[in-house]
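A.B. asks: Please find final10.cif (mmCIF, C-alpha atoms) on the next line:
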```
data_data
loop_
_atom_site.label_atom_id
_atom_site.label_comp_id
_atom_site.auth_asym_id
_atom_site.auth_seq_id
_atom_site.Cartn_x
_atom_site.Cartn_y
_atom_site.Cartn_z
CA MET F 1 35.97 82.57 -57.29
CA GLU F 2 34.83 80.65 -60.36
CA SER F 3 31.73 79.50 -58.53
CA GLU F 4 31.04 83.06 -57.39
CA LEU F 5 31.27 84.25 -60.98
CA LYS F 6 28.84 81.59 -62.17
CA ASP F 7 26.44 82.34 -59.32
CA LEU F 8 26.49 86.03 -60.11
CA ASN F 9 25.77 85.48 -63.79
CA SER F 10 22.93 83.07 -63.01
CA LYS F 11 21.02 85.55 -60.83
CA PRO F 12 17.97 87.22 -62.40
CA ALA F 13 18.90 90.63 -63.76
CA LYS F 14 17.32 93.88 -62.72
CA PRO F 15 16.72 96.55 -65.35
CA VAL F 16 19.52 99.07 -65.46
CA ALA F 17 20.64 101.60 -68.02
CA ASP F 18 23.34 100.92 -70.52
CA GLU F 19 25.96 103.68 -70.89
CA GLY F 20 26.58 102.88 -74.51
CA SER F 21 23.08 102.48 -75.86
CA GLY F 22 20.58 104.15 -73.57
CA LYS F 23 18.50 100.93 -73.63
CA PRO F 24 17.63 98.68 -70.69
CA ALA F 25 20.50 96.42 -69.81
CA HIS F 26 18.31 93.59 -68.55
CA GLU F 27 19.11 91.90 -71.84
CA ASP F 28 22.87 92.23 -71.42
CA ALA F 29 24.03 92.56 -67.81
CA SER F 30 23.11 91.83 -64.21
CA GLY F 31 22.97 93.97 -61.12
CA LYS F 32 22.33 97.65 -60.48
CA ASP F 33 24.55 100.13 -62.27
CA ASP F 34 24.31 102.75 -59.53
CA ARG F 35 26.58 100.81 -57.16
CA PRO F 36 30.16 102.06 -56.90
CA LEU F 37 32.45 99.56 -58.58
CA LEU F 38 35.29 99.81 -56.05
CA LYS F 39 33.35 100.10 -52.80
CA PRO F 40 33.92 97.04 -50.54
CA ASP F 41 30.33 96.25 -49.56
CA PRO F 42 30.96 93.46 -48.67
CA ALA F 43 34.40 92.26 -49.88
CA PRO F 44 35.03 88.51 -50.19
CA GLN F 45 38.25 87.17 -48.72
CA VAL F 46 40.39 85.72 -51.50
CA SER F 47 43.82 84.20 -51.84
CA ASN F 48 46.50 85.27 -54.29
CA GLU F 49 45.97 82.07 -56.27
CA GLU F 50 42.25 82.75 -56.63
CA LEU F 51 42.96 86.32 -57.68
CA GLN F 52 45.42 85.18 -60.34
CA GLU F 53 42.83 82.81 -61.74
CA LEU F 54 40.23 85.58 -61.78
CA GLU F 55 42.66 87.96 -63.51
CA LYS F 56 42.93 85.50 -66.38
CA LYS F 57 39.16 85.57 -66.79
CA CYS F 58 38.91 89.35 -66.34
CA ALA F 59 42.03 90.38 -68.25
CA ALA F 60 40.17 93.36 -69.76
CA TYR F 61 40.15 95.08 -66.37
CA VAL F 62 43.65 94.24 -65.08
CA ARG F 63 46.09 97.13 -64.58
CA ARG F 64 49.69 96.47 -65.61
CA ASP F 65 51.36 99.84 -65.06
CA ALA F 66 54.06 100.81 -62.55
CA TYR F 67 51.45 101.62 -59.91
CA GLY F 68 50.14 98.07 -59.72
CA THR F 69 46.73 96.66 -58.90
CA MET F 70 44.24 99.36 -57.92
CA GLY F 71 47.15 101.82 -57.94
CA ARG F 72 48.38 100.34 -54.66
CA GLY F 73 51.52 98.60 -55.87
CA GLU F 74 54.96 99.03 -54.32
CA LEU F 75 56.69 102.01 -55.97
CA THR F 76 60.38 102.48 -56.58
CA VAL F 77 62.26 105.25 -54.81
CA LYS F 78 62.50 107.17 -58.08
CA GLU F 79 58.76 106.97 -58.62
CA LYS F 80 58.07 108.16 -55.07
CA VAL F 81 60.36 111.16 -55.58
CA LEU F 82 58.65 112.05 -58.87
CA LEU F 83 55.23 111.76 -57.24
CA GLY F 84 56.29 113.94 -54.35
CA LEU F 85 57.64 116.65 -56.64
CA ALA F 86 54.51 116.60 -58.79
CA LEU F 87 52.19 116.80 -55.76
CA VAL F 88 53.74 120.04 -54.53
CA THR F 89 54.40 121.68 -57.90
CA LEU F 90 52.47 120.30 -60.87
CA VAL F 91 49.20 119.22 -59.25
CA PRO F 92 48.24 122.59 -57.69
CA ILE F 93 48.89 124.40 -60.98
CA ARG F 94 46.84 121.90 -62.96
CA VAL F 95 43.95 122.00 -60.48
CA VAL F 96 43.76 125.80 -60.63
CA LEU F 97 43.98 125.89 -64.43
CA ALA F 98 41.44 123.09 -64.89
CA MET F 99 38.93 124.78 -62.56
CA THR F 100 39.49 128.10 -64.33
CA ILE F 101 38.68 126.54 -67.71
CA LEU F 102 35.58 124.86 -66.28
CA VAL F 103 34.28 128.14 -64.80
CA ILE F 104 35.05 130.11 -67.99
CA TYR F 105 33.17 127.64 -70.16
CA TYR F 106 30.26 127.55 -67.72
CA LEU F 107 30.01 131.36 -67.96
CA ILE F 108 30.11 131.16 -71.76
CA CYS F 109 27.28 128.62 -71.72
CA ARG F 110 25.32 130.71 -69.20
CA ILE F 111 25.59 133.85 -71.33
CA CYS F 112 24.71 132.04 -74.56
CA THR F 113 21.63 130.42 -73.03
CA LEU F 114 20.24 133.58 -71.43
CA PHE F 115 16.62 134.17 -72.44
CA SER F 116 16.65 130.85 -74.31
CA VAL F 117 14.16 128.09 -73.56
CA PRO F 118 15.67 124.57 -73.60
CA ASN F 119 14.12 121.70 -75.49
CA ARG F 120 12.06 119.58 -73.13
CA ASP F 121 10.93 116.07 -73.98
CA GLU F 122 10.06 113.35 -71.46
CA GLU F 123 12.17 114.77 -68.61
CA GLN F 124 14.99 115.53 -71.06
CA GLU F 125 16.30 119.08 -71.29
CA ASP F 126 18.96 120.45 -73.60
CA TYR F 127 20.18 123.44 -75.58
CA ALA F 128 21.82 121.37 -78.32
CA HIS F 129 19.27 122.36 -80.96
CA MET F 130 19.72 126.07 -80.37
CA GLY F 131 20.85 127.71 -83.61
CA GLY F 132 22.59 130.86 -84.72
CA TRP F 133 25.67 132.53 -83.28
CA ARG F 134 24.95 131.21 -79.77
CA ARG F 135 25.25 127.60 -80.81
CA ALA F 136 28.37 128.39 -82.83
CA VAL F 137 30.01 130.03 -79.82
CA ILE F 138 29.12 127.13 -77.51
CA VAL F 139 30.48 124.53 -79.93
CA GLN F 140 33.69 126.31 -80.93
CA CYS F 141 34.55 127.37 -77.37
CA GLY F 142 33.70 123.88 -76.11
CA ARG F 143 36.00 122.21 -78.61
CA SER F 144 38.87 124.66 -77.98
CA LEU F 145 38.62 124.59 -74.18
CA SER F 146 38.34 120.79 -74.13
CA ARG F 147 41.57 120.55 -76.10
CA LEU F 148 43.16 123.08 -73.74
CA MET F 149 42.02 120.96 -70.78
CA LEU F 150 43.72 117.91 -72.27
CA PHE F 151 46.88 119.98 -72.80
CA ILE F 152 46.86 121.03 -69.14
CA LEU F 153 46.55 117.37 -68.13
CA GLY F 154 49.70 116.51 -70.07
CA PHE F 155 48.23 115.44 -73.42
CA TYR F 156 50.40 117.86 -75.37
CA TRP F 157 50.12 115.93 -78.63
CA ILE F 158 47.28 113.84 -80.01
CA ASN F 159 48.37 111.31 -82.60
CA GLU F 160 45.42 110.90 -84.99
CA THR F 161 45.33 108.37 -87.83
CA TYR F 162 42.69 108.32 -90.55
CA ARG F 163 42.01 105.03 -92.30
CA ILE F 164 41.26 105.21 -96.03
CA PRO F 165 38.09 103.35 -97.10
CA SER F 166 38.75 100.12 -98.99
CA ASP F 167 36.93 99.05 -102.13
CA ALA F 168 35.36 96.18 -100.21
CA GLN F 169 33.62 98.52 -97.77
CA PRO F 170 29.86 99.00 -98.33
CA LYS F 171 29.01 102.26 -100.09
CA PRO F 172 26.23 104.72 -99.18
CA THR F 173 22.82 103.95 -100.56
CA ALA F 174 21.68 107.53 -101.11
CA ASP F 175 23.20 110.63 -102.57
CA CYS F 176 23.44 113.26 -99.89
CA LYS F 177 26.00 115.52 -98.30
CA ASP F 178 27.96 114.95 -95.15
CA GLU F 179 29.04 117.69 -92.72
CA SER F 180 32.00 118.58 -94.94
CA GLY F 181 29.70 119.09 -97.92
CA GLU F 182 30.99 116.15 -99.99
CA GLU F 183 28.61 114.68 -102.52
CA GLY F 184 27.78 111.01 -102.59
CA THR F 185 28.34 110.30 -98.87
CA GLU F 186 26.00 109.90 -95.94
CA ARG F 187 26.46 111.64 -92.63
CA PRO F 188 26.97 109.14 -89.79
CA GLY F 189 24.21 109.07 -87.22
CA ALA F 190 26.50 108.18 -84.33
CA ILE F 191 30.15 108.07 -83.36
CA ILE F 192 31.06 104.67 -81.93
CA SER F 193 34.10 104.47 -79.64
CA ASN F 194 35.75 102.01 -77.33
CA HIS F 195 35.61 103.16 -73.70
CA VAL F 196 38.88 103.41 -71.76
CA SER F 197 38.60 106.42 -69.45
CA TYR F 198 36.55 109.47 -68.54
CA LEU F 199 39.18 111.29 -70.63
CA ASP F 200 37.45 109.83 -73.69
CA VAL F 201 34.71 112.43 -73.21
CA LEU F 202 37.20 115.30 -73.27
CA TYR F 203 38.76 114.06 -76.49
CA HIS F 204 35.44 113.63 -78.27
CA MET F 205 34.31 117.07 -77.08
CA SER F 206 37.45 118.59 -78.57
CA SER F 207 37.02 116.64 -81.79
CA SER F 208 33.32 116.75 -82.68
CA PHE F 209 31.41 118.10 -79.64
CA PRO F 210 28.77 115.34 -79.71
CA SER F 211 25.91 114.49 -77.37
CA PHE F 212 26.44 111.73 -74.79
CA VAL F 213 24.30 109.45 -72.64
CA ALA F 214 24.64 110.50 -68.98
CA LYS F 215 23.05 109.96 -65.58
CA ARG F 216 20.11 112.25 -64.93
CA SER F 217 21.87 113.47 -61.80
CA VAL F 218 24.59 115.03 -63.99
CA ALA F 219 22.08 117.66 -65.15
CA LYS F 220 21.83 118.93 -61.56
CA LEU F 221 25.57 119.21 -60.88
CA PRO F 222 27.04 122.70 -60.42
CA LEU F 223 28.81 124.00 -63.55
CA VAL F 224 28.81 120.59 -65.28
CA GLY F 225 25.00 120.40 -65.39
CA LEU F 226 24.56 123.36 -67.75
CA ILE F 227 27.48 122.22 -69.90
CA SER F 228 25.89 118.78 -70.30
CA LYS F 229 22.65 120.43 -71.43
CA CYS F 230 24.57 122.46 -74.02
CA LEU F 231 26.10 119.20 -75.23
CA GLY F 232 22.59 117.82 -75.64
CA CYS F 233 23.12 114.82 -73.35
CA VAL F 234 20.43 112.16 -73.13
CA TYR F 235 19.78 111.62 -69.42
CA VAL F 236 19.19 108.21 -67.89
CA GLN F 237 17.69 107.49 -64.49
CA ARG F 238 19.33 104.18 -63.68
CA GLU F 239 17.00 103.25 -60.85
CA SER F 240 13.89 103.79 -63.00
CA LYS F 241 11.46 101.18 -64.25
CA SER F 242 12.02 99.27 -67.46
CA SER F 243 9.33 101.29 -69.26
CA ASP F 244 11.33 104.48 -68.65
CA PHE F 245 14.43 102.88 -70.12
CA LYS F 246 12.54 101.88 -73.23
CA GLY F 247 11.65 105.55 -73.64
CA VAL F 248 15.32 106.51 -73.36
CA ALA F 249 16.32 103.87 -75.90
CA GLY F 250 13.73 105.25 -78.28
CA LEU F 251 15.01 108.77 -77.71
CA VAL F 252 18.59 107.70 -78.46
CA THR F 253 17.41 106.04 -81.68
CA GLU F 254 15.55 109.20 -82.68
CA ARG F 255 18.62 111.33 -81.99
CA VAL F 256 20.82 109.02 -84.08
CA LYS F 257 18.34 109.20 -86.97
CA GLU F 258 18.15 112.98 -86.66
CA ALA F 259 21.94 113.35 -86.69
CA HIS F 260 22.07 111.16 -89.80
CA GLN F 261 19.44 113.12 -91.69
CA ASN F 262 20.04 116.68 -90.45
CA ASN F 263 23.46 118.29 -90.79
CA SER F 264 22.65 120.91 -88.16
CA ALA F 265 21.75 118.31 -85.49
CA PRO F 266 24.46 117.35 -82.98
CA PRO F 267 26.00 113.89 -83.53
CA MET F 268 25.46 111.20 -80.91
CA MET F 269 28.52 109.75 -79.16
CA LEU F 270 27.97 106.23 -77.81
CA PHE F 271 30.19 103.76 -75.96
CA PRO F 272 28.47 100.45 -76.82
CA GLU F 273 30.65 98.42 -74.42
CA GLY F 274 28.79 100.02 -71.53
CA THR F 275 31.86 100.26 -69.24
CA THR F 276 35.58 101.01 -69.34
CA THR F 277 38.45 98.57 -69.94
CA ASN F 278 42.25 98.77 -69.84
CA GLY F 279 42.26 99.52 -73.59
CA ASP F 280 43.67 96.20 -74.77
CA PHE F 281 40.30 94.48 -75.06
CA LEU F 282 36.94 95.17 -76.68
CA LEU F 283 33.83 94.02 -74.83
CA PRO F 284 30.59 92.90 -76.51
CA PHE F 285 28.60 95.79 -78.03
CA LYS F 286 25.07 96.61 -76.97
CA THR F 287 22.71 97.17 -79.90
CA GLY F 288 21.19 100.54 -78.90
CA ALA F 289 23.52 102.54 -81.15
CA PHE F 290 22.60 100.41 -84.17
CA LEU F 291 18.80 100.33 -83.94
CA ALA F 292 18.46 103.44 -86.10
CA LYS F 293 19.96 101.58 -89.10
CA ALA F 294 22.12 104.64 -89.80
CA PRO F 295 25.82 104.66 -90.74
CA VAL F 296 28.23 105.02 -87.83
CA LEU F 297 31.74 106.43 -87.47
CA PRO F 298 34.03 104.03 -85.53
CA VAL F 299 36.78 105.71 -83.48
CA ILE F 300 39.47 103.81 -81.57
CA LEU F 301 41.23 105.35 -78.56
CA ARG F 302 44.46 104.15 -76.97
CA TYR F 303 46.52 105.62 -74.13
CA PRO F 304 50.17 104.51 -74.43
CA TYR F 305 52.05 104.85 -71.14
CA GLU F 306 55.39 104.24 -69.47
CA ARG F 307 54.53 104.70 -65.79
CA PHE F 308 50.83 105.37 -65.18
CA SER F 309 48.01 104.11 -67.38
CA PRO F 310 45.21 106.68 -67.93
CA ALA F 311 42.77 103.77 -68.35
CA TRP F 312 40.06 103.83 -65.66
CA ASP F 313 39.66 100.11 -65.16
CA SER F 314 40.25 98.84 -61.62
CA ILE F 315 41.31 101.93 -59.69
CA SER F 316 39.27 104.38 -57.63
CA GLY F 317 38.34 107.70 -59.19
CA VAL F 318 40.14 109.84 -56.60
CA ARG F 319 43.36 107.83 -56.83
CA HIS F 320 43.20 107.87 -60.63
CA VAL F 321 42.78 111.66 -60.79
CA ILE F 322 45.67 112.27 -58.38
CA PHE F 323 48.07 110.00 -60.27
CA LEU F 324 46.94 111.42 -63.62
CA PHE F 325 47.63 114.98 -62.45
CA CYS F 326 51.07 113.86 -61.26
CA GLN F 327 52.18 112.66 -64.70
CA PHE F 328 54.30 115.24 -66.53
CA VAL F 329 53.38 113.81 -69.95
CA ASN F 330 50.41 111.69 -71.02
CA HIS F 331 49.74 110.18 -74.44
CA ILE F 332 46.67 109.46 -76.53
CA GLU F 333 46.43 107.80 -79.94
CA VAL F 334 43.29 108.02 -82.05
CA THR F 335 42.38 105.89 -85.07
CA ARG F 336 39.41 107.18 -87.05
CA LEU F 337 37.98 104.51 -89.34
CA PRO F 338 35.89 105.25 -92.44
CA VAL F 339 32.15 105.66 -91.96
CA TYR F 340 30.58 102.20 -91.72
CA TYR F 341 27.53 101.80 -93.97
CA PRO F 342 25.33 98.86 -92.91
CA SER F 343 24.14 96.34 -95.46
CA GLN F 344 20.45 95.54 -95.69
CA GLN F 345 21.07 92.38 -93.66
CA GLU F 346 22.75 94.43 -90.92
CA LYS F 347 19.90 96.95 -90.93
CA ASP F 348 17.46 94.10 -90.38
CA ASP F 349 19.61 92.61 -87.59
CA PRO F 350 21.06 95.23 -85.17
CA LYS F 351 22.99 92.55 -83.30
CA LEU F 352 24.77 91.49 -86.49
CA TYR F 353 25.46 95.16 -87.27
CA ALA F 354 26.96 95.70 -83.79
CA ASN F 355 29.08 92.53 -83.97
CA ASN F 356 30.48 93.42 -87.38
CA VAL F 357 31.46 96.94 -86.30
CA ARG F 358 33.04 95.51 -83.16
CA ARG F 359 35.00 92.95 -85.18
CA LEU F 360 36.28 95.70 -87.49
CA MET F 361 37.34 97.93 -84.59
CA ALA F 362 39.09 95.07 -82.81
CA SER F 363 41.01 94.20 -85.97
CA GLU F 364 42.03 97.78 -86.83
CA GLY F 365 42.88 98.65 -83.22
CA LYS F 366 44.70 95.35 -82.53
CA MET F 367 42.43 94.69 -79.56
CA THR F 368 41.34 91.31 -78.23
CA GLN F 369 37.61 90.62 -78.27
CA SER F 370 36.40 89.61 -74.82
CA ASP F 371 33.06 88.06 -73.91
CA ILE F 372 32.90 89.38 -70.34
CA GLY F 373 30.93 92.41 -69.18
CA LEU F 374 30.01 94.61 -66.24
CA ALA F 375 28.96 91.70 -64.02
CA GLU F 376 32.44 90.14 -64.21
CA LYS F 377 33.97 93.55 -63.58
CA ARG F 378 32.07 93.79 -60.30
CA VAL F 379 33.25 90.34 -59.25
CA TYR F 380 36.86 91.28 -60.02
CA HIS F 381 36.61 94.56 -58.12
CA ALA F 382 35.04 92.83 -55.14
CA ALA F 383 37.91 90.32 -55.14
CA LEU F 384 40.45 93.16 -55.21
CA ASN F 385 38.77 94.86 -52.28
CA GLY F 386 38.78 91.55 -50.42
CA LEU F 387 42.48 91.10 -51.07
CA PHE F 388 43.47 94.58 -49.90
CA SER F 389 41.16 94.41 -46.87
CA GLN F 390 43.34 91.52 -45.63
CA CYS F 391 46.50 93.68 -45.80
#
```
Represent the structure of the file as structure tokens.

C.D. replies:
Amino acid sequence: MESELKDLNSKPAKPVADEGSGKPAHEDASGKDDRPLLKPDPAPQVSNEELQELEKKCAAYVRRDAYGTMGRGELTVKEKVLLGLALVTLVPIRVVLAMTILVIYYLICRICTLFSVPNRDEEQEDYAHMGGWRRAVIVQCGRSLSRLMLFILGFYWINETYRIPSDAQPKPTADCKDESGEEGTERPGAIISNHVSYLDVLYHMSSSFPSFVAKRSVAKLPLVGLISKCLGCVYVQRESKSSDFKGVAGLVTERVKEAHQNNSAPPMMLFPEGTTTNGDFLLPFKTGAFLAKAPVLPVILRYPYERFSPAWDSISGVRHVIFLFCQFVNHIEVTRLPVYYPSQQEKDDPKLYANNVRRLMASEGKMTQSDIGLAEKRVYHAALNGLFSQC
């Protein structure tokens, strides 16, 4: 498996989009991002010893909950009984309530965008810059319904911690007002978060209702498509040419600058790792979020668990959703760090800026910095599929 990993990393990369930055990933990763991570096509045959060795290298993606690797571990009798009860009682209720919330919010967005023309720029389309009472309704309802969705999924309490800025932290270079109206502070251009699960999006929607980077196909999905346009998502066509990706990277940078300078502009939410982990590690940051030279707001998410981990690391989407809906209680902990103001040296070197923010988040969140990325994740998932195909 070690030789496979080296061979994979030595292959010439094809340009793909980076989830966290909106810039081409030919500088940071290999392979095509549109391939399903857990689809055995083909799956190498591996031994348990080889898998254990690979798990040491890819520790950021290893599941360690009661459901085991890929959610296919041997369950205790008690766990099977709890799952059975939840499947016939809790899951149907949660599915109905979740779909009801989704439809209600879609209708709210549809009504608020009637007779409104979306912003269109280089195949991008959004309603995020719509002002007045319509925008206020979309944002407030979106935040409230997102929190209600988390409640339905078992996140009854959200433990949020706010770090106080230290004297050693760089101070803002210009006198301006942030969104709360405080003098002498600068509004962050982007929210930077570690990426653990698709649930991250729901939390950030409930907290600040920012814009995200999403696949262009999301804009065409029923219900979700219009909601993503109201969020002001920046759409990425992952199979496009490198020149298209450069345009997207430039658009993300413009949006970050706009959010920094204009209080009425929606903030950008970026996951600079580019993929999800099990929450105990922090992958290298892509630089797309830091090209605008604007301050950023680091946010750290953790999902403590006893039985099932909400982290979407090495488990299929369908299996993850089913197990998540079966959990009576889920937990999320949020650490919001002070706004990070880049020094002049960091402004001149986006990579240094990204590394310093990553180092700070890893220290404050007690996470281990890992040097692996999406390519190693694909190797690990392929090995898992090869192992289970032998069973």

A.B. asks: Given the file above and the PyMOL selection byres ((chain F and resi 140) around 12), which residues are selected, and can you give them as a ChimeraX atom specification?

C.D. replies: /F:105,108-109,133-139,141-147,205-209,231

A.B. asks: Quick one: everything within 9 Å of segment 154-157 of chain F, counting all atoms listed in the file, minus sequence neighbours fewer than 5 positions away in the same chain. Send it as a list in words.

C.D. replies: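 Here the qualifying residues turn out to be Arg147, Met149, Leu324, Phe325, Gln327, Phe328, Val329, Asn330, His331 and Ile332 of chain F.
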
A.B. asks: With distances taken over all atoms listed in the file, which of F:Lys229, F:Lys57, F:Lys347, F:His129 is nearest to Ala259 of chain F?

C.D. replies: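 Between F:Lys229, F:Lys57, F:Lys347, F:His129, the residue approaching Ala259 of chain F most closely is F:His129.
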
A.B. asks: Just so the selection is clear, what residues does the PyMOL selection byres ((chain F and resi 315-320) around 10) cover here, as a PyMOL selection string?

C.D. replies: chain F and resi 36-39+61-63+68-72+198+308-314+321-326+381+384

A.B. asks: Pick out the closest residue to Gly365 of chain F from this set: F:Gly189, F:Gly232, F:Thr253, F:Thr161. Count only C-alpha atoms.

C.D. replies: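 Comparing F:Gly189, F:Gly232, F:Thr253, F:Thr161 against Gly365 of chain F, the winner is F:Thr161.
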
A.B. asks: I'd like the interatomic distance between atom CA of Gln345 of chain F and atom CA of Thr275 of chain F, to a tenth of an Å.

C.D. replies: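 According to the coordinates, atom CA of Gln345 of chain F and atom CA of Thr275 of chain F are separated by 27.8 Å.
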
A.B. asks: Evaluate the PyMOL selection byres ((chain F and resi 269) around 6) on the structure here and hand back the selected residues as a list in words.

C.D. replies: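 When the PyMOL selection byres ((chain F and resi 269) around 6) is applied, the selected residues are Ala190, Ile191, Pro210, Ser211, Phe212, Met268 and Leu270 of chain F.
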
A.B. asks: Dump C-alpha atoms for the selected residues as a short mmCIF file (atom, residue, chain, number, x, y, z; two decimals), in the frame of the given file?

C.D. replies:
```cif
data_model
loop_
_atom_site.label_atom_id
_atom_site.label_comp_id
_atom_site.auth_asym_id
_atom_site.auth_seq_id
_atom_site.Cartn_x
_atom_site.Cartn_y
_atom_site.Cartn_z
CA ALA F 190 26.50 108.18 -84.33
CA ILE F 191 30.15 108.07 -83.36
CA PRO F 210 28.77 115.34 -79.71
CA SER F 211 25.91 114.49 -77.37
CA PHE F 212 26.44 111.73 -74.79
CA MET F 268 25.46 111.20 -80.91
CA LEU F 270 27.97 106.23 -77.81
#
```

A.B. asks: One decimal, Å: what's the distance from atom CA of Val334 of chain F over to atom CA of Ser363 of chain F, could you say?

C.D. replies: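 Separation of atom CA of Val334 of chain F and atom CA of Ser363 of chain F: 14.5 Å.
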
A.B. asks: If we count all atoms listed in the file, what is near Met130 of chain F at a cut-off of 9 Å, once residues fewer than 3 positions away on the same chain are taken out, given as a count of residues only?

C.D. replies: 9

A.B. asks: Counting all atoms listed in the file, figure out which residue out of F:Leu297, F:Ala86, F:Leu221, F:Ala362 gets nearest to Leu283 of chain F.

C.D. replies: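 Checking each of F:Leu297, F:Ala86, F:Leu221, F:Ala362 against Leu283 of chain F, counting all atoms listed in the file, the winner is F:Ala362.
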
A.B. asks: Just how far from atom CA of Asp349 of chain F is atom CA of Val296 of chain F, in Å to one decimal?

C.D. replies: 15.1 Å

A.B. asks: Pick from F:Ala265, F:Leu202, F:Leu226, F:Val236: nearest to Ala214 of chain F, with all atoms listed in the file counted?

C.D. replies: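 So, comparing all the options, the nearest one is F:Val236.
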
A.B. asks: Of the candidates F:Tyr106, F:Gly131, F:Asn48, F:Tyr380, which one gets nearest to Gly225 of chain F if we count all atoms listed in the file?

C.D. replies: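 For Gly225 of chain F, the nearest of the given residues is F:Tyr106.
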
A.B. asks: From (18.9, 114.8, -72.4), in the file's coordinates, out to 6 Å: which residues are reached, counting only C-alpha atoms? Answer as a count of residues only.

C.D. replies: 7

A.B. asks: When you get a chance, write out N, CA and C atoms for segment 301-319 of chain F, as a JSON list (two decimals), keeping the file's coordinate frame.

C.D. replies:
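Resulting contents of rebuild-v7.json:
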```
[["chain", "number", "residue", "atom", "x", "y", "z"],
["F", 301, "LEU", "N", 40.36, 104.58, -79.45],
["F", 301, "LEU", "CA", 41.23, 105.35, -78.56],
["F", 301, "LEU", "C", 42.20, 104.43, -77.83],
["F", 302, "ARG", "N", 43.45, 104.87, -77.74],
["F", 302, "ARG", "CA", 44.46, 104.15, -76.97],
["F", 302, "ARG", "C", 45.27, 105.17, -76.17],
["F", 303, "TYR", "N", 45.73, 104.76, -75.00],
["F", 303, "TYR", "CA", 46.52, 105.62, -74.13],
["F", 303, "TYR", "C", 47.86, 104.95, -73.82],
["F", 304, "PRO", "N", 48.85, 105.09, -74.71],
["F", 304, "PRO", "CA", 50.17, 104.51, -74.43],
["F", 304, "PRO", "C", 50.75, 105.13, -73.15],
["F", 305, "TYR", "N", 51.51, 104.34, -72.40],
["F", 305, "TYR", "CA", 52.05, 104.85, -71.14],
["F", 305, "TYR", "C", 53.37, 104.18, -70.83],
["F", 306, "GLU", "N", 54.14, 104.82, -69.98],
["F", 306, "GLU", "CA", 55.39, 104.24, -69.47],
["F", 306, "GLU", "C", 55.29, 103.96, -67.98],
["F", 307, "ARG", "N", 54.62, 104.84, -67.25],
["F", 307, "ARG", "CA", 54.53, 104.70, -65.79],
["F", 307, "ARG", "C", 53.09, 104.48, -65.33],
["F", 308, "PHE", "N", 52.22, 105.45, -65.63],
["F", 308, "PHE", "CA", 50.83, 105.37, -65.18],
["F", 308, "PHE", "C", 49.89, 105.26, -66.37],
["F", 309, "SER", "N", 48.98, 104.29, -66.31],
["F", 309, "SER", "CA", 48.01, 104.11, -67.38],
["F", 309, "SER", "C", 46.79, 104.99, -67.13],
["F", 310, "PRO", "N", 46.41, 105.85, -68.08],
["F", 310, "PRO", "CA", 45.21, 106.68, -67.93],
["F", 310, "PRO", "C", 43.91, 105.89, -67.98],
["F", 311, "ALA", "N", 43.99, 104.59, -68.29],
["F", 311, "ALA", "CA", 42.77, 103.77, -68.35],
["F", 311, "ALA", "C", 42.12, 103.72, -66.96],
["F", 312, "TRP", "N", 40.80, 103.89, -66.93],
["F", 312, "TRP", "CA", 40.06, 103.83, -65.66],
["F", 312, "TRP", "C", 39.39, 102.47, -65.60],
["F", 313, "ASP", "N", 40.15, 101.47, -65.16],
["F", 313, "ASP", "CA", 39.66, 100.11, -65.16],
["F", 313, "ASP", "C", 39.38, 99.57, -63.76],
["F", 314, "SER", "N", 40.42, 99.39, -62.97],
["F", 314, "SER", "CA", 40.25, 98.84, -61.62],
["F", 314, "SER", "C", 40.99, 99.70, -60.61],
["F", 315, "ILE", "N", 40.69, 100.98, -60.60],
["F", 315, "ILE", "CA", 41.31, 101.93, -59.69],
["F", 315, "ILE", "C", 40.25, 102.95, -59.31],
["F", 316, "SER", "N", 40.28, 103.42, -58.07],
["F", 316, "SER", "CA", 39.27, 104.38, -57.63],
["F", 316, "SER", "C", 39.41, 105.69, -58.37],
["F", 317, "GLY", "N", 38.32, 106.44, -58.47],
["F", 317, "GLY", "CA", 38.34, 107.70, -59.19],
["F", 317, "GLY", "C", 39.29, 108.72, -58.60],
["F", 318, "VAL", "N", 39.28, 108.84, -57.27],
["F", 318, "VAL", "CA", 40.14, 109.84, -56.60],
["F", 318, "VAL", "C", 41.62, 109.50, -56.83],
["F", 319, "ARG", "N", 41.97, 108.25, -56.64],
["F", 319, "ARG", "CA", 43.36, 107.83, -56.83],
["F", 319, "ARG", "C", 43.79, 108.02, -58.29]]
```
